[in-house]
Amino acid sequence: MTNTWVKNAISAIEADFQRSADTHLIRFTLPAYPGIYFYLKDESTHPSGSLKHRLARSLFLYGLSNGWIKENTTIIEASSGSTAVSEAYFARLLGLPFIAVMPSCTAKRKIEQISFYGGKCHFVEHSDQIYAASEQLARELNGHYMDQFTYAERATDWRGNNNIADSIYRQMEREPFPIPDYLVMSAGTGGTSATLGRYIRYKGLDTRLLVADPENSVFYDYYHQRDRSIMGKCSSRIEGIGRPRVEPSFIPDVIDEMVKVPDAASVATLYWLERILGRKAGPSTGTNVWSMLQVAKSMVAENRQGAIVTLLCDSGDRYLDTYYNHGWVNAHIGDISPYFAQLTAHTTPQNAKEPQPA
C-alpha cells in the first residue's frame, strides 16, 4: 500500500507540473537557406533552468513509484551540473536532502544553483569517478542513487503525456512544415534522444533523428561499432553532453544519423547564435545548432525545403566564467575564429545584433 508521504510527494510534483507552462518554440530563418525554417525548443525557461527539469521530474516520479524514495531519503546523483540543479529543485520541493557528485571543474554558477536549492556538492577529480562515488555515498547514507545514466531512457513516457517530443509536434502544427525533416539533439545520458526517436517511430512520422556528439565522447564510435567496451581517455569539454563510456540510456537503434562536432565549432556557434537571439545559450546548444546548420546545407544542396528542430538546453548565464570568457576559451578550447568566420560569412541575418561576450 502506498503510504501518505509518497502520495503527497507525487501530488506535489504533479502540482508543480500543473503550474508550469510549456516551453517556447523559437523560429528563425537565414538568407543562405531559402525555404528552410529553423526552430529552437527553449528549455532554459523551466523553473530550474534547463532541459534536465523534465528528466529530474521523471526520475523522482519513477523513484517514488518504485518505492525507492521515501520520507527522509537522501537523494544522490552523478551529474556535471544541470541534472543536479534540477534534482536539487525537486528535492527541496519534497523536503529531502540532496547531494550532487560532480567533477571539480563544473561551472561555478551551477554549483551555486545547487546550493541555492539546498543541495550539497561532493567533488571528484575525474568524470569517470562519479559513478562509484555516488554508489558509495548511497550505501553510507542509506540513500537513493538516482543514476540518470541508467534510468533516463525508461523513466520518461516516450509515447506522449506531454513529453518533449509530443510538445514539439503539437507546437509545430500550424507551421509551414508541420512535420520537421529533422530533429537534432546532442547526447548526455541519451535519454532525450531515446524519447525523440521512440516517439517518431511510435507515431509513424517522416522525421529523421540526428544526434550530435562532441569531442572526447564515445557515443559516435559506439553508434557505428556497437562495442560497449569502448572507453574514452578524457572527459568531454562541452559541459552536459558527451561521455567517456557508453551509458545504459543511450539507445542507438532509434537514431537515424550521428555526427561528430569539433568543440571549437560548438563554442563559436554560441557567439554566432547570440546575434540571432540577442541572448546567451549554453554550450550543448552550440553543438546542436552547428549540427542543425550542417543539415540545412545538405538540404539546400538537394534543393529541398522544410523544417529543422533542435533544443536550446540551458542559458549561457551559467557559463559566463567559462565558455563566454575569452581567456578560458583560448586555454581550454582553442582558436574558434575559423568556425566563427564561417558562420558569420554565410548565415548571419542583416538585422542580427552584435554579441556581447562577458
# chains A, B, ... in the order shown; residues from 1 in each chain; ligands from 1
$ select_by_dssp --residues "segment 88-258 of chain A" --states "strand (DSSP E)" --output "list in words"
Phe98, Ile99, Ala100, Val101, Met102, Pro103, Lys120, Cys121, His122, Phe123, Val124, His144, Tyr145, Tyr182, Leu183, Val184, Met185, Ser186, Arg208, Leu209, Leu210, Val211, Ala212, Asp213, Pro214, Glu257 and Met258 of chain A
$ select_by_dssp --residues "segment 274-322 of chain A" --states "alpha helix (DSSP H)" --output "PDB file with N, CA and C atoms, in the first residue's frame"
ATOM      1  N   GLU A 274      24.163  34.163 -30.420  1.00  0.00           N
ATOM      2  CA  GLU A 274      23.777  35.345 -29.653  1.00  0.00           C
ATOM      3  C   GLU A 274      23.352  36.483 -30.575  1.00  0.00           C
ATOM      4  N   ARG A 275      23.916  36.536 -31.774  1.00  0.00           N
ATOM      5  CA  ARG A 275      23.495  37.534 -32.758  1.00  0.00           C
ATOM      6  C   ARG A 275      22.064  37.275 -33.234  1.00  0.00           C
ATOM      7  N   ILE A 276      21.677  36.017 -33.251  1.00  0.00           N
ATOM      8  CA  ILE A 276      20.340  35.666 -33.725  1.00  0.00           C
ATOM      9  C   ILE A 276      19.291  35.898 -32.643  1.00  0.00           C
ATOM     10  N   LEU A 277      19.607  35.493 -31.415  1.00  0.00           N
ATOM     11  CA  LEU A 277      18.627  35.505 -30.333  1.00  0.00           C
ATOM     12  C   LEU A 277      18.687  36.751 -29.457  1.00  0.00           C
ATOM     13  N   PRO A 283      26.576  25.611 -23.747  1.00  0.00           N
ATOM     14  CA  PRO A 283      27.469  25.008 -24.748  1.00  0.00           C
ATOM     15  C   PRO A 283      26.863  23.877 -25.567  1.00  0.00           C
ATOM     16  N   SER A 284      26.022  23.041 -24.961  1.00  0.00           N
ATOM     17  CA  SER A 284      25.423  21.952 -25.735  1.00  0.00           C
ATOM     18  C   SER A 284      24.495  22.486 -26.820  1.00  0.00           C
ATOM     19  N   THR A 285      23.922  23.660 -26.602  1.00  0.00           N
ATOM     20  CA  THR A 285      23.106  24.290 -27.639  1.00  0.00           C
ATOM     21  C   THR A 285      23.962  24.630 -28.849  1.00  0.00           C
ATOM     22  N   GLY A 286      25.209  25.050 -28.609  1.00  0.00           N
ATOM     23  CA  GLY A 286      26.115  25.307 -29.720  1.00  0.00           C
ATOM     24  C   GLY A 286      26.349  24.068 -30.558  1.00  0.00           C
ATOM     25  N   THR A 287      26.518  22.923 -29.900  1.00  0.00           N
ATOM     26  CA  THR A 287      26.681  21.655 -30.605  1.00  0.00           C
ATOM     27  C   THR A 287      25.439  21.339 -31.433  1.00  0.00           C
ATOM     28  N   ASN A 288      24.276  21.539 -30.832  1.00  0.00           N
ATOM     29  CA  ASN A 288      23.012  21.265 -31.528  1.00  0.00           C
ATOM     30  C   ASN A 288      22.838  22.151 -32.761  1.00  0.00           C
ATOM     31  N   VAL A 289      23.069  23.445 -32.591  1.00  0.00           N
ATOM     32  CA  VAL A 289      22.803  24.387 -33.679  1.00  0.00           C
ATOM     33  C   VAL A 289      23.828  24.228 -34.804  1.00  0.00           C
ATOM     34  N   TRP A 290      25.091  23.995 -34.472  1.00  0.00           N
ATOM     35  CA  TRP A 290      26.084  23.735 -35.513  1.00  0.00           C
ATOM     36  C   TRP A 290      25.627  22.542 -36.370  1.00  0.00           C
ATOM     37  N   SER A 291      25.159  21.497 -35.729  1.00  0.00           N
ATOM     38  CA  SER A 291      24.712  20.309 -36.456  1.00  0.00           C
ATOM     39  C   SER A 291      23.480  20.620 -37.295  1.00  0.00           C
ATOM     40  N   MET A 292      22.576  21.426 -36.762  1.00  0.00           N
ATOM     41  CA  MET A 292      21.384  21.823 -37.496  1.00  0.00           C
ATOM     42  C   MET A 292      21.752  22.564 -38.780  1.00  0.00           C
ATOM     43  N   LEU A 293      22.749  23.422 -38.698  1.00  0.00           N
ATOM     44  CA  LEU A 293      23.177  24.176 -39.879  1.00  0.00           C
ATOM     45  C   LEU A 293      23.823  23.265 -40.924  1.00  0.00           C
ATOM     46  N   GLN A 294      24.526  22.233 -40.478  1.00  0.00           N
ATOM     47  CA  GLN A 294      25.111  21.292 -41.444  1.00  0.00           C
ATOM     48  C   GLN A 294      24.019  20.521 -42.178  1.00  0.00           C
ATOM     49  N   VAL A 295      22.970  20.163 -41.466  1.00  0.00           N
ATOM     50  CA  VAL A 295      21.827  19.509 -42.101  1.00  0.00           C
ATOM     51  C   VAL A 295      21.191  20.443 -43.124  1.00  0.00           C
ATOM     52  N   ALA A 296      21.058  21.707 -42.759  1.00  0.00           N
ATOM     53  CA  ALA A 296      20.455  22.684 -43.668  1.00  0.00           C
ATOM     54  C   ALA A 296      21.276  22.834 -44.943  1.00  0.00           C
ATOM     55  N   LYS A 297      22.590  22.790 -44.824  1.00  0.00           N
ATOM     56  CA  LYS A 297      23.442  22.860 -46.015  1.00  0.00           C
ATOM     57  C   LYS A 297      23.132  21.711 -46.968  1.00  0.00           C
ATOM     58  N   SER A 298      22.961  20.534 -46.416  1.00  0.00           N
ATOM     59  CA  SER A 298      22.645  19.373 -47.248  1.00  0.00           C
ATOM     60  C   SER A 298      21.289  19.534 -47.918  1.00  0.00           C
ATOM     61  N   MET A 299      20.329  20.070 -47.198  1.00  0.00           N
ATOM     62  CA  MET A 299      19.007  20.278 -47.773  1.00  0.00           C
ATOM     63  C   MET A 299      19.046  21.283 -48.918  1.00  0.00           C
ATOM     64  N   VAL A 300      19.820  22.361 -48.753  1.00  0.00           N
ATOM     65  CA  VAL A 300      19.955  23.354 -49.820  1.00  0.00           C
ATOM     66  C   VAL A 300      20.610  22.725 -51.044  1.00  0.00           C
ATOM     67  N   ALA A 301      21.645  21.941 -50.815  1.00  0.00           N
ATOM     68  CA  ALA A 301      22.341  21.281 -51.928  1.00  0.00           C
ATOM     69  C   ALA A 301      21.420  20.354 -52.702  1.00  0.00           C
TER      70      ALA A 301
END
$ closest_residue --among "A:Asn8, A:Gly119, A:Ser20, A:Tyr145" --to "Gly63 of chain A" --atoms "only C-alpha atoms"
A:Tyr145
$ residues_around --residues "segment 219-229 of chain A" --least-positions-apart "6" --cutoff "10 Å" --atoms "only C-alpha atoms" --output "list of chain:residue names"
A:Ser186, A:Ala187, A:Gly188, A:Gly190, A:Val211, A:Ala212, A:Asp213, A:Gly242, A:Arg243, A:Pro244, A:Arg245, A:Val246, A:Glu247, A:Pro248, A:Phe250, A:Ile251, A:Pro252, A:Asp253, A:Ile255, A:Glu257, A:Met258, A:Val259, A:Lys260
$ write_last_selection --atoms "N, CA and C atoms" --output "short mmCIF file (atom, residue, chain, number, x, y, z; two decimals), in the first residue's frame"
data_model
loop_
_atom_site.label_atom_id
_atom_site.label_comp_id
_atom_site.auth_asym_id
_atom_site.auth_seq_id
_atom_site.Cartn_x
_atom_site.Cartn_y
_atom_site.Cartn_z
N SER A 186 21.93 16.55 -29.08
CA SER A 186 23.18 16.00 -28.57
C SER A 186 22.86 15.07 -27.40
N ALA A 187 23.81 14.21 -27.06
CA ALA A 187 23.54 13.20 -26.04
C ALA A 187 24.40 13.39 -24.81
N GLY A 188 23.75 13.35 -23.64
CA GLY A 188 24.45 13.32 -22.36
C GLY A 188 24.22 11.96 -21.71
N GLY A 190 21.58 10.24 -23.03
CA GLY A 190 20.93 9.54 -24.14
C GLY A 190 19.43 9.45 -23.95
N VAL A 211 21.75 12.80 -34.06
CA VAL A 211 22.37 13.03 -32.76
C VAL A 211 23.79 13.50 -32.96
N ALA A 212 24.15 14.59 -32.30
CA ALA A 212 25.47 15.20 -32.40
C ALA A 212 26.30 14.83 -31.18
N ASP A 213 27.57 14.55 -31.41
CA ASP A 213 28.47 14.14 -30.33
C ASP A 213 29.70 15.04 -30.34
N GLY A 242 28.17 14.36 -24.06
CA GLY A 242 29.36 13.57 -24.33
C GLY A 242 29.80 12.79 -23.11
N ARG A 243 30.13 11.52 -23.28
CA ARG A 243 30.53 10.70 -22.15
C ARG A 243 31.74 9.86 -22.52
N PRO A 244 32.60 9.55 -21.53
CA PRO A 244 33.77 8.71 -21.80
C PRO A 244 33.46 7.23 -21.80
N ARG A 245 32.22 6.86 -21.52
CA ARG A 245 31.80 5.47 -21.62
C ARG A 245 30.41 5.44 -22.25
N VAL A 246 30.00 4.28 -22.73
CA VAL A 246 28.66 4.13 -23.30
C VAL A 246 27.66 3.98 -22.16
N GLU A 247 26.78 4.97 -22.04
CA GLU A 247 25.81 4.95 -20.94
C GLU A 247 24.64 4.03 -21.27
N PRO A 248 24.06 3.37 -20.25
CA PRO A 248 22.94 2.44 -20.48
C PRO A 248 21.74 3.07 -21.16
N PHE A 250 21.72 5.27 -23.54
CA PHE A 250 21.94 5.63 -24.94
C PHE A 250 21.46 4.48 -25.83
N ILE A 251 20.42 4.74 -26.63
CA ILE A 251 19.78 3.71 -27.45
C ILE A 251 20.08 4.01 -28.92
N PRO A 252 21.06 3.35 -29.53
CA PRO A 252 21.48 3.71 -30.89
C PRO A 252 20.46 3.38 -31.97
N ASP A 253 19.63 2.37 -31.76
CA ASP A 253 18.73 1.91 -32.82
C ASP A 253 17.56 2.85 -33.11
N ILE A 255 18.15 6.07 -33.54
CA ILE A 255 18.83 7.20 -34.16
C ILE A 255 19.04 6.92 -35.64
N GLU A 257 20.95 9.18 -37.79
CA GLU A 257 22.28 9.63 -38.17
C GLU A 257 22.99 10.17 -36.93
N MET A 258 24.32 10.10 -36.96
CA MET A 258 25.12 10.76 -35.94
C MET A 258 26.24 11.55 -36.61
N VAL A 259 26.61 12.67 -35.99
CA VAL A 259 27.72 13.49 -36.48
C VAL A 259 28.64 13.82 -35.31
N LYS A 260 29.91 14.01 -35.63
CA LYS A 260 30.89 14.43 -34.64
C LYS A 260 31.14 15.92 -34.84
#
$ residues_around --residues "Ala264 of chain A" --least-positions-apart "4" --cutoff "8 Å" --atoms "only C-alpha atoms" --output "VMD selection string"
chain A and resid 268 333 to 336 339
$ closest_residue --among "A:Leu51, A:Ile200, A:Leu209, A:Leu59" --to "Asp22 of chain A" --atoms "only C-alpha atoms"
A:Leu51
$ closest_residue --among "A:Leu93, A:Ile114, A:Ala138, A:Cys121" --to "Thr74 of chain A" --atoms "only C-alpha atoms"
A:Ala138
$ closest_residue --among "A:Ser167, A:Gln305, A:Thr2, A:Ser80" --to "Ser104 of chain A" --atoms "only C-alpha atoms"
A:Ser80
$ closest_residue --among "A:Tyr199, A:Phe149, A:Trp272, A:Tyr131" --to "Ile164 of chain A" --atoms "only C-alpha atoms"
A:Tyr199
$ closest_residue --among "A:Tyr151, A:Ala12, A:Asn3, A:Gly67" --to "Ala91 of chain A" --atoms "only C-alpha atoms"
A:Ala12
$ residues_around --residues "Ser79 of chain A" --least-positions-apart "2" --cutoff "8 Å" --atoms "only C-alpha atoms" --output "list in words"
Glu77, Gly81, Ser82, Thr83, Ala84, Ala100, Val101, Met102 and Ile130 of chain A
$ write_last_selection --atoms "N, CA, C and O atoms" --output "PDB file, in the first residue's frame"
ATOM      1  N   GLU A  77      23.051  12.029  -6.797  1.00  0.00           N
ATOM      2  CA  GLU A  77      23.114  11.945  -8.252  1.00  0.00           C
ATOM      3  C   GLU A  77      24.520  12.227  -8.765  1.00  0.00           C
ATOM      4  O   GLU A  77      25.230  13.085  -8.234  1.00  0.00           O
ATOM      5  N   GLY A  81      26.181  18.919 -13.591  1.00  0.00           N
ATOM      6  CA  GLY A  81      25.591  20.192 -13.216  1.00  0.00           C
ATOM      7  C   GLY A  81      24.111  20.349 -13.427  1.00  0.00           C
ATOM      8  O   GLY A  81      23.350  20.445 -12.463  1.00  0.00           O
ATOM      9  N   SER A  82      23.629  20.361 -14.672  1.00  0.00           N
ATOM     10  CA  SER A  82      22.236  20.723 -14.921  1.00  0.00           C
ATOM     11  C   SER A  82      21.249  19.738 -14.326  1.00  0.00           C
ATOM     12  O   SER A  82      20.227  20.139 -13.761  1.00  0.00           O
ATOM     13  N   THR A  83      21.516  18.436 -14.440  1.00  0.00           N
ATOM     14  CA  THR A  83      20.620  17.462 -13.816  1.00  0.00           C
ATOM     15  C   THR A  83      20.610  17.647 -12.308  1.00  0.00           C
ATOM     16  O   THR A  83      19.562  17.563 -11.659  1.00  0.00           O
ATOM     17  N   ALA A  84      21.787  17.903 -11.749  1.00  0.00           N
ATOM     18  CA  ALA A  84      21.877  18.106 -10.301  1.00  0.00           C
ATOM     19  C   ALA A  84      21.104  19.336  -9.863  1.00  0.00           C
ATOM     20  O   ALA A  84      20.426  19.314  -8.823  1.00  0.00           O
ATOM     21  N   ALA A 100      24.992  16.184  -4.897  1.00  0.00           N
ATOM     22  CA  ALA A 100      25.426  16.025  -6.278  1.00  0.00           C
ATOM     23  C   ALA A 100      26.891  15.617  -6.297  1.00  0.00           C
ATOM     24  O   ALA A 100      27.729  16.259  -5.669  1.00  0.00           O
ATOM     25  N   VAL A 101      27.192  14.550  -6.996  1.00  0.00           N
ATOM     26  CA  VAL A 101      28.570  14.103  -7.174  1.00  0.00           C
ATOM     27  C   VAL A 101      29.009  14.561  -8.558  1.00  0.00           C
ATOM     28  O   VAL A 101      28.417  14.165  -9.567  1.00  0.00           O
ATOM     29  N   MET A 102      30.033  15.404  -8.607  1.00  0.00           N
ATOM     30  CA  MET A 102      30.390  16.041  -9.870  1.00  0.00           C
ATOM     31  C   MET A 102      31.892  16.309  -9.967  1.00  0.00           C
ATOM     32  O   MET A 102      32.583  16.381  -8.955  1.00  0.00           O
ATOM     33  N   ILE A 130      32.551   9.584 -10.934  1.00  0.00           N
ATOM     34  CA  ILE A 130      31.270   9.995 -10.353  1.00  0.00           C
ATOM     35  C   ILE A 130      30.363   8.809 -10.041  1.00  0.00           C
ATOM     36  O   ILE A 130      29.584   8.855  -9.095  1.00  0.00           O
TER      37      ILE A 130
END
$ decode --residues "segment 216-289 of chain A" --atoms "C-alpha atoms" --output "JSON list (two decimals), in the first residue's frame"
[["chain", "number", "residue", "atom", "x", "y", "z"],
["A", 216, "ASN", "CA", 36.16, 13.09, -26.27],
["A", 217, "SER", "CA", 32.82, 11.25, -26.30],
["A", 218, "VAL", "CA", 32.31, 7.62, -27.26],
["A", 219, "PHE", "CA", 28.67, 7.73, -28.39],
["A", 220, "TYR", "CA", 29.56, 8.34, -32.05],
["A", 221, "ASP", "CA", 32.03, 5.45, -32.09],
["A", 222, "TYR", "CA", 29.58, 3.14, -30.36],
["A", 223, "TYR", "CA", 26.82, 4.05, -32.83],
["A", 224, "HIS", "CA", 29.00, 2.83, -35.69],
["A", 225, "GLN", "CA", 30.86, -0.04, -34.00],
["A", 226, "ARG", "CA", 28.30, -1.30, -31.41],
["A", 227, "ASP", "CA", 31.08, -2.11, -28.97],
["A", 228, "ARG", "CA", 30.02, -1.23, -25.42],
["A", 229, "SER", "CA", 33.54, -1.70, -24.11],
["A", 230, "ILE", "CA", 34.74, 1.48, -25.85],
["A", 231, "MET", "CA", 36.18, 3.93, -23.29],
["A", 232, "GLY", "CA", 37.34, 7.49, -23.77],
["A", 233, "LYS", "CA", 40.65, 8.78, -22.47],
["A", 234, "CYS", "CA", 39.27, 12.03, -21.03],
["A", 235, "SER", "CA", 36.07, 13.96, -20.41],
["A", 236, "SER", "CA", 34.05, 15.99, -22.85],
["A", 237, "ARG", "CA", 34.87, 19.70, -22.90],
["A", 238, "ILE", "CA", 31.26, 20.57, -23.78],
["A", 239, "GLU", "CA", 29.62, 20.51, -20.39],
["A", 240, "GLY", "CA", 26.45, 18.44, -20.10],
["A", 241, "ILE", "CA", 26.95, 16.24, -23.16],
["A", 242, "GLY", "CA", 29.36, 13.57, -24.33],
["A", 243, "ARG", "CA", 30.53, 10.70, -22.15],
["A", 244, "PRO", "CA", 33.77, 8.71, -21.80],
["A", 245, "ARG", "CA", 31.80, 5.47, -21.62],
["A", 246, "VAL", "CA", 28.66, 4.13, -23.30],
["A", 247, "GLU", "CA", 25.81, 4.95, -20.94],
["A", 248, "PRO", "CA", 22.94, 2.44, -20.48],
["A", 249, "SER", "CA", 20.35, 5.04, -21.54],
["A", 250, "PHE", "CA", 21.94, 5.63, -24.94],
["A", 251, "ILE", "CA", 19.78, 3.71, -27.45],
["A", 252, "PRO", "CA", 21.48, 3.71, -30.89],
["A", 253, "ASP", "CA", 18.73, 1.91, -32.82],
["A", 254, "VAL", "CA", 16.29, 4.84, -32.56],
["A", 255, "ILE", "CA", 18.83, 7.20, -34.16],
["A", 256, "ASP", "CA", 18.97, 7.76, -37.94],
["A", 257, "GLU", "CA", 22.28, 9.63, -38.17],
["A", 258, "MET", "CA", 25.12, 10.76, -35.94],
["A", 259, "VAL", "CA", 27.72, 13.49, -36.48],
["A", 260, "LYS", "CA", 30.89, 14.43, -34.64],
["A", 261, "VAL", "CA", 31.19, 18.14, -33.85],
["A", 262, "PRO", "CA", 34.51, 19.89, -33.10],
["A", 263, "ASP", "CA", 34.39, 21.61, -29.72],
["A", 264, "ALA", "CA", 35.63, 24.87, -31.26],
["A", 265, "ALA", "CA", 32.65, 24.77, -33.66],
["A", 266, "SER", "CA", 30.24, 24.32, -30.74],
["A", 267, "VAL", "CA", 31.65, 27.32, -28.88],
["A", 268, "ALA", "CA", 31.86, 29.52, -31.99],
["A", 269, "THR", "CA", 28.20, 28.77, -32.62],
["A", 270, "LEU", "CA", 27.33, 30.17, -29.19],
["A", 271, "TYR", "CA", 28.73, 33.55, -30.12],
["A", 272, "TRP", "CA", 27.06, 33.47, -33.51],
["A", 273, "LEU", "CA", 23.73, 32.39, -32.01],
["A", 274, "GLU", "CA", 23.78, 35.34, -29.65],
["A", 275, "ARG", "CA", 23.50, 37.53, -32.76],
["A", 276, "ILE", "CA", 20.34, 35.67, -33.72],
["A", 277, "LEU", "CA", 18.63, 35.51, -30.33],
["A", 278, "GLY", "CA", 20.02, 38.54, -28.52],
["A", 279, "ARG", "CA", 20.92, 36.34, -25.51],
["A", 280, "LYS", "CA", 23.33, 33.63, -24.50],
["A", 281, "ALA", "CA", 22.81, 29.87, -24.65],
["A", 282, "GLY", "CA", 24.72, 27.01, -23.02],
["A", 283, "PRO", "CA", 27.47, 25.01, -24.75],
["A", 284, "SER", "CA", 25.42, 21.95, -25.74],
["A", 285, "THR", "CA", 23.11, 24.29, -27.64],
["A", 286, "GLY", "CA", 26.12, 25.31, -29.72],
["A", 287, "THR", "CA", 26.68, 21.65, -30.60],
["A", 288, "ASN", "CA", 23.01, 21.26, -31.53],
["A", 289, "VAL", "CA", 22.80, 24.39, -33.68]]
